[in-house]
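Next comes structure_27.cif, with mmCIF, N, CA and C atoms.
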```
data_entry
#
loop_
_atom_site.label_atom_id
_atom_site.label_comp_id
_atom_site.auth_asym_id
_atom_site.auth_seq_id
_atom_site.Cartn_x
_atom_site.Cartn_y
_atom_site.Cartn_z
N MET A 11 0.81 -1.19 0.00
CA MET A 11 0.00 0.00 0.00
C MET A 11 0.86 1.26 0.00
N ALA A 12 1.98 1.19 0.74
CA ALA A 12 2.88 2.35 0.81
C ALA A 12 3.49 2.64 -0.55
N LEU A 13 3.78 1.59 -1.33
CA LEU A 13 4.34 1.78 -2.67
C LEU A 13 3.34 2.48 -3.58
N LEU A 14 2.09 2.11 -3.47
CA LEU A 14 1.04 2.75 -4.26
C LEU A 14 0.88 4.22 -3.88
N LEU A 15 0.86 4.51 -2.60
CA LEU A 15 0.74 5.90 -2.16
C LEU A 15 1.96 6.72 -2.56
N ASP A 16 3.14 6.12 -2.50
CA ASP A 16 4.35 6.82 -2.92
C ASP A 16 4.32 7.11 -4.42
N GLY A 17 3.87 6.13 -5.20
CA GLY A 17 3.74 6.34 -6.65
C GLY A 17 2.71 7.39 -6.99
N LEU A 18 1.67 7.46 -6.20
CA LEU A 18 0.65 8.49 -6.40
C LEU A 18 1.18 9.87 -6.06
N ALA A 19 1.89 9.98 -4.96
CA ALA A 19 2.42 11.27 -4.52
C ALA A 19 3.50 11.79 -5.46
N ASN A 20 4.29 10.89 -6.06
CA ASN A 20 5.36 11.30 -6.95
C ASN A 20 4.93 11.41 -8.41
N GLY A 21 3.73 10.97 -8.72
CA GLY A 21 3.24 11.04 -10.09
C GLY A 21 3.65 9.85 -10.95
N TRP A 22 4.36 8.89 -10.39
CA TRP A 22 4.78 7.73 -11.17
C TRP A 22 3.61 6.85 -11.60
N ILE A 23 2.54 6.92 -10.88
CA ILE A 23 1.37 6.12 -11.25
C ILE A 23 0.83 6.54 -12.62
N SER A 24 1.01 7.80 -12.96
CA SER A 24 0.59 8.28 -14.27
C SER A 24 1.43 7.64 -15.37
N LEU A 25 2.73 7.52 -15.14
CA LEU A 25 3.60 6.87 -16.12
C LEU A 25 3.19 5.42 -16.32
N PHE A 26 2.89 4.73 -15.24
CA PHE A 26 2.43 3.34 -15.33
C PHE A 26 1.13 3.25 -16.13
N ALA A 27 0.21 4.17 -15.86
CA ALA A 27 -1.07 4.16 -16.60
C ALA A 27 -0.86 4.45 -18.08
N ILE A 28 0.08 5.33 -18.40
CA ILE A 28 0.39 5.63 -19.81
C ILE A 28 0.94 4.38 -20.49
N LEU A 29 1.82 3.67 -19.82
CA LEU A 29 2.36 2.43 -20.39
C LEU A 29 1.26 1.41 -20.63
N VAL A 30 0.36 1.26 -19.69
CA VAL A 30 -0.76 0.33 -19.86
C VAL A 30 -1.63 0.75 -21.04
N LEU A 31 -1.90 2.04 -21.15
CA LEU A 31 -2.72 2.56 -22.24
C LEU A 31 -2.12 2.23 -23.60
N TRP A 32 -0.82 2.46 -23.76
CA TRP A 32 -0.19 2.20 -25.06
C TRP A 32 0.02 0.71 -25.33
N VAL A 33 0.21 -0.09 -24.28
CA VAL A 33 0.29 -1.54 -24.48
C VAL A 33 -1.07 -2.06 -24.96
N GLU A 34 -2.14 -1.57 -24.37
CA GLU A 34 -3.48 -1.95 -24.82
C GLU A 34 -3.72 -1.52 -26.27
N THR A 35 -3.32 -0.31 -26.59
CA THR A 35 -3.49 0.19 -27.96
C THR A 35 -2.72 -0.68 -28.95
N ALA A 36 -1.49 -1.01 -28.61
CA ALA A 36 -0.68 -1.86 -29.48
C ALA A 36 -1.27 -3.26 -29.59
N ALA A 37 -1.73 -3.83 -28.47
CA ALA A 37 -2.30 -5.17 -28.50
C ALA A 37 -3.57 -5.22 -29.34
N LEU A 38 -4.45 -4.24 -29.17
CA LEU A 38 -5.67 -4.21 -29.98
C LEU A 38 -5.36 -4.03 -31.45
N SER A 39 -4.34 -3.26 -31.75
CA SER A 39 -3.96 -3.05 -33.14
C SER A 39 -3.38 -4.32 -33.74
N LEU A 40 -2.55 -5.01 -32.98
CA LEU A 40 -1.93 -6.23 -33.48
C LEU A 40 -2.93 -7.37 -33.65
N LEU A 41 -3.98 -7.38 -32.85
CA LEU A 41 -4.99 -8.43 -32.95
C LEU A 41 -5.98 -8.19 -34.09
N SER A 42 -5.96 -7.01 -34.64
CA SER A 42 -6.89 -6.67 -35.71
C SER A 42 -6.35 -7.15 -37.06
N PRO A 43 -7.23 -7.57 -37.98
CA PRO A 43 -6.76 -7.96 -39.30
C PRO A 43 -6.15 -6.79 -40.09
N GLN A 44 -6.64 -5.59 -39.83
CA GLN A 44 -6.10 -4.40 -40.48
C GLN A 44 -5.39 -3.58 -39.41
N ARG A 45 -4.15 -3.96 -39.12
CA ARG A 45 -3.42 -3.42 -37.97
C ARG A 45 -3.24 -1.91 -38.02
N TRP A 46 -2.75 -1.39 -39.14
CA TRP A 46 -2.47 0.05 -39.22
C TRP A 46 -3.75 0.87 -39.21
N ARG A 47 -4.79 0.34 -39.82
CA ARG A 47 -6.06 1.06 -39.80
C ARG A 47 -6.61 1.14 -38.38
N ARG A 48 -6.51 0.05 -37.64
CA ARG A 48 -6.97 0.02 -36.26
C ARG A 48 -6.13 0.97 -35.39
N PHE A 49 -4.79 0.96 -35.63
CA PHE A 49 -3.93 1.83 -34.84
C PHE A 49 -4.25 3.30 -35.11
N ARG A 50 -4.48 3.66 -36.37
CA ARG A 50 -4.84 5.03 -36.70
C ARG A 50 -6.18 5.42 -36.08
N ALA A 51 -7.08 4.47 -35.95
CA ALA A 51 -8.37 4.75 -35.33
C ALA A 51 -8.25 4.93 -33.82
N LEU A 52 -7.35 4.19 -33.20
CA LEU A 52 -7.19 4.26 -31.74
C LEU A 52 -6.23 5.35 -31.28
N CYS A 53 -5.37 5.80 -32.16
CA CYS A 53 -4.31 6.73 -31.79
C CYS A 53 -4.82 8.06 -31.19
N PRO A 54 -5.81 8.74 -31.78
CA PRO A 54 -6.25 9.99 -31.17
C PRO A 54 -6.78 9.81 -29.74
N ASN A 55 -7.49 8.73 -29.51
CA ASN A 55 -7.99 8.46 -28.17
C ASN A 55 -6.84 8.21 -27.20
N ALA A 56 -5.85 7.43 -27.64
CA ALA A 56 -4.70 7.16 -26.79
C ALA A 56 -3.88 8.43 -26.53
N LEU A 57 -3.76 9.28 -27.53
CA LEU A 57 -3.05 10.55 -27.35
C LEU A 57 -3.77 11.45 -26.35
N SER A 58 -5.08 11.49 -26.45
CA SER A 58 -5.87 12.29 -25.51
C SER A 58 -5.67 11.78 -24.08
N GLY A 59 -5.75 10.48 -23.91
CA GLY A 59 -5.54 9.90 -22.59
C GLY A 59 -4.13 10.12 -22.07
N THR A 60 -3.15 10.06 -22.97
CA THR A 60 -1.77 10.30 -22.58
C THR A 60 -1.58 11.72 -22.07
N CYS A 61 -2.16 12.68 -22.78
CA CYS A 61 -2.06 14.08 -22.35
C CYS A 61 -2.73 14.29 -20.99
N LEU A 62 -3.89 13.67 -20.80
CA LEU A 62 -4.57 13.80 -19.50
C LEU A 62 -3.75 13.18 -18.38
N LEU A 63 -3.17 12.02 -18.63
CA LEU A 63 -2.38 11.36 -17.60
C LEU A 63 -1.09 12.12 -17.31
N CYS A 64 -0.49 12.72 -18.33
CA CYS A 64 0.69 13.55 -18.10
C CYS A 64 0.33 14.77 -17.25
N ALA A 65 -0.80 15.39 -17.56
CA ALA A 65 -1.25 16.54 -16.77
C ALA A 65 -1.50 16.13 -15.32
N LEU A 66 -2.09 14.96 -15.13
CA LEU A 66 -2.31 14.46 -13.77
C LEU A 66 -0.98 14.24 -13.05
N GLY A 67 -0.03 13.64 -13.73
CA GLY A 67 1.28 13.41 -13.12
C GLY A 67 1.95 14.70 -12.71
N LEU A 68 1.88 15.71 -13.58
CA LEU A 68 2.47 17.01 -13.23
C LEU A 68 1.73 17.66 -12.06
N ALA A 69 0.42 17.54 -12.05
CA ALA A 69 -0.36 18.12 -10.95
C ALA A 69 -0.05 17.43 -9.63
N LEU A 70 0.12 16.13 -9.66
CA LEU A 70 0.44 15.39 -8.44
C LEU A 70 1.81 15.79 -7.89
N ARG A 71 2.72 16.14 -8.78
CA ARG A 71 4.06 16.56 -8.34
C ARG A 71 4.13 18.05 -8.03
N GLY A 72 3.03 18.78 -8.25
CA GLY A 72 3.00 20.20 -7.94
C GLY A 72 3.73 21.06 -8.93
N GLN A 73 3.79 20.64 -10.18
CA GLN A 73 4.47 21.42 -11.22
C GLN A 73 3.63 22.62 -11.63
N GLY A 74 4.24 23.48 -12.45
CA GLY A 74 3.60 24.72 -12.87
C GLY A 74 2.33 24.50 -13.67
N PRO A 75 1.39 25.41 -13.52
CA PRO A 75 0.10 25.26 -14.20
C PRO A 75 0.15 25.46 -15.71
N ILE A 76 1.18 26.11 -16.22
CA ILE A 76 1.27 26.35 -17.67
C ILE A 76 1.37 25.02 -18.42
N TRP A 77 2.23 24.14 -17.96
CA TRP A 77 2.37 22.83 -18.62
C TRP A 77 1.11 22.00 -18.48
N ILE A 78 0.48 22.08 -17.34
CA ILE A 78 -0.76 21.32 -17.13
C ILE A 78 -1.85 21.83 -18.08
N LEU A 79 -1.97 23.15 -18.19
CA LEU A 79 -2.95 23.72 -19.12
C LEU A 79 -2.64 23.38 -20.57
N ALA A 80 -1.36 23.39 -20.93
CA ALA A 80 -0.97 23.03 -22.30
C ALA A 80 -1.33 21.57 -22.60
N LEU A 81 -1.10 20.69 -21.64
CA LEU A 81 -1.44 19.28 -21.84
C LEU A 81 -2.95 19.07 -21.90
N LEU A 82 -3.68 19.81 -21.09
CA LEU A 82 -5.14 19.70 -21.15
C LEU A 82 -5.67 20.20 -22.50
N ALA A 83 -5.08 21.27 -23.02
CA ALA A 83 -5.48 21.77 -24.34
C ALA A 83 -5.14 20.76 -25.43
N ALA A 84 -3.96 20.15 -25.34
CA ALA A 84 -3.58 19.13 -26.32
C ALA A 84 -4.53 17.93 -26.25
N SER A 85 -4.93 17.58 -25.05
CA SER A 85 -5.89 16.49 -24.89
C SER A 85 -7.23 16.82 -25.55
N LEU A 86 -7.65 18.06 -25.41
CA LEU A 86 -8.90 18.48 -26.03
C LEU A 86 -8.82 18.42 -27.55
N VAL A 87 -7.70 18.81 -28.11
CA VAL A 87 -7.51 18.74 -29.56
C VAL A 87 -7.53 17.28 -30.03
N ALA A 88 -6.83 16.41 -29.31
CA ALA A 88 -6.82 14.98 -29.67
C ALA A 88 -8.21 14.38 -29.53
N HIS A 89 -8.94 14.79 -28.51
CA HIS A 89 -10.32 14.31 -28.32
C HIS A 89 -11.21 14.77 -29.48
N ALA A 90 -11.06 16.02 -29.89
CA ALA A 90 -11.85 16.52 -31.01
C ALA A 90 -11.53 15.74 -32.29
N ALA A 91 -10.26 15.44 -32.52
CA ALA A 91 -9.88 14.63 -33.68
C ALA A 91 -10.51 13.25 -33.61
N ASP A 92 -10.52 12.67 -32.42
CA ASP A 92 -11.14 11.35 -32.23
C ASP A 92 -12.63 11.40 -32.55
N ILE A 93 -13.31 12.42 -32.06
CA ILE A 93 -14.75 12.56 -32.31
C ILE A 93 -15.02 12.74 -33.80
N LEU A 94 -14.23 13.57 -34.46
CA LEU A 94 -14.42 13.78 -35.90
C LEU A 94 -14.19 12.51 -36.70
N MET A 95 -13.18 11.74 -36.32
CA MET A 95 -12.92 10.47 -37.01
C MET A 95 -14.07 9.49 -36.79
N ARG A 96 -14.57 9.44 -35.58
CA ARG A 96 -15.70 8.53 -35.28
C ARG A 96 -16.96 8.97 -36.01
N ARG A 97 -17.16 10.26 -36.11
CA ARG A 97 -18.35 10.78 -36.80
C ARG A 97 -18.35 10.36 -38.27
N GLN A 98 -17.19 10.43 -38.90
CA GLN A 98 -17.09 10.01 -40.30
C GLN A 98 -17.40 8.53 -40.45
N ASP A 99 -16.86 7.72 -39.53
CA ASP A 99 -17.12 6.28 -39.58
C ASP A 99 -18.59 5.97 -39.32
N GLN A 100 -19.20 6.66 -38.36
CA GLN A 100 -20.60 6.43 -38.03
C GLN A 100 -21.51 6.86 -39.16
N GLY A 101 -21.15 7.92 -39.86
CA GLY A 101 -21.96 8.39 -40.98
C GLY A 101 -22.10 7.34 -42.06
N ARG A 102 -21.03 6.60 -42.28
CA ARG A 102 -21.08 5.52 -43.28
C ARG A 102 -22.01 4.40 -42.84
N LEU A 103 -22.08 4.14 -41.55
CA LEU A 103 -22.94 3.07 -41.06
C LEU A 103 -24.42 3.39 -41.22
N PHE A 104 -24.77 4.67 -41.09
CA PHE A 104 -26.17 5.07 -41.13
C PHE A 104 -26.65 5.47 -42.53
N SER A 105 -25.75 5.52 -43.48
CA SER A 105 -26.20 5.86 -44.83
C SER A 105 -26.87 4.65 -45.46
N ARG A 106 -27.82 4.91 -46.33
CA ARG A 106 -28.50 3.79 -46.97
C ARG A 106 -28.55 4.00 -48.46
N SER A 107 -28.64 2.91 -49.13
CA SER A 107 -28.71 2.96 -50.59
C SER A 107 -30.17 3.06 -51.00
N THR A 108 -30.47 3.96 -51.89
CA THR A 108 -31.85 4.15 -52.33
C THR A 108 -32.05 3.76 -53.79
N GLU A 109 -31.34 2.73 -54.18
CA GLU A 109 -31.42 2.29 -55.58
C GLU A 109 -32.72 1.58 -55.86
#
```
Represent the structure of the file as C-alpha cells.
Amino acid sequence: MALLLDGLANGWISLFAILVLWVETAALSLLSPQRWRRFRALCPNALSGTCLLCALGLALRGQGPIWILALLAASLVAHAADILMRRQDQGRLFSRSTE
C-alpha cells in the first residue's frame, strides 16, 4: 500500500497508466486484421488519454500550471480529432442505398 501511495504522490502512477494505455493500444492493433487502420483509429484516443495522464502526473508533483494547461489543451484537440474520425465512420454506417 505504501508503494502505491508513494507512486501516487510522486506522479509515477501516471507513467504506469500511460504504459498500460499504449500496451493496450498496441495489443488491440496487433490483434486486428487491419493493424495500421486500427492503430490510426485508436491513436487519437490514446493521445488524448496520454495528455490527460501527463497533466495528472504534473499536478500530483505540484508542477507549474502552464504545462498542465498546455497538456489539457492538447488532450482536447486529440479528443476533437477522435470525435471527428468517429463521426465520419458512423456516418457511413447510417447511410443507406436508395437504388
Residues returned when the PyMOL selection byres ((chain A and resi 74-91) around 5) runs on this file, as a PyMOL selection string: chain A and resi 54+58+61+65+72-73+92-95
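Checking A:Gly59, A:Arg50, A:Cys64, A:Arg96 one by one against Leu31 of chain A, counting all atoms listed in the file, you find the shortest gap at A:Gly59.
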Result set of the PyMOL selection byres ((chain A and resi 18-24) around 7) on the coordinates above, as a list in words: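 When the PyMOL selection byres ((chain A and resi 18-24) around 7) is applied, the selected residues are Leu13, Leu14, Leu15, Asp16, Gly17, Leu25, Phe26, Ala27, Ile28, Leu29, Leu63, Cys64, Leu66, Gly67, Leu68, Leu70 and Arg71 of chain A.
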Length of the atom N of Arg47 of chain A to atom N of Thr35 of chain A vector [Å]: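 Computed distance, atom N of Arg47 of chain A to atom N of Thr35 of chain A, equals 13.3 Å.
Distance check against Trp32 of chain A using only C-alpha atoms: of A:Ala51, A:Met11, A:Ala69, A:Leu57, the minimum falls on A:Leu57.
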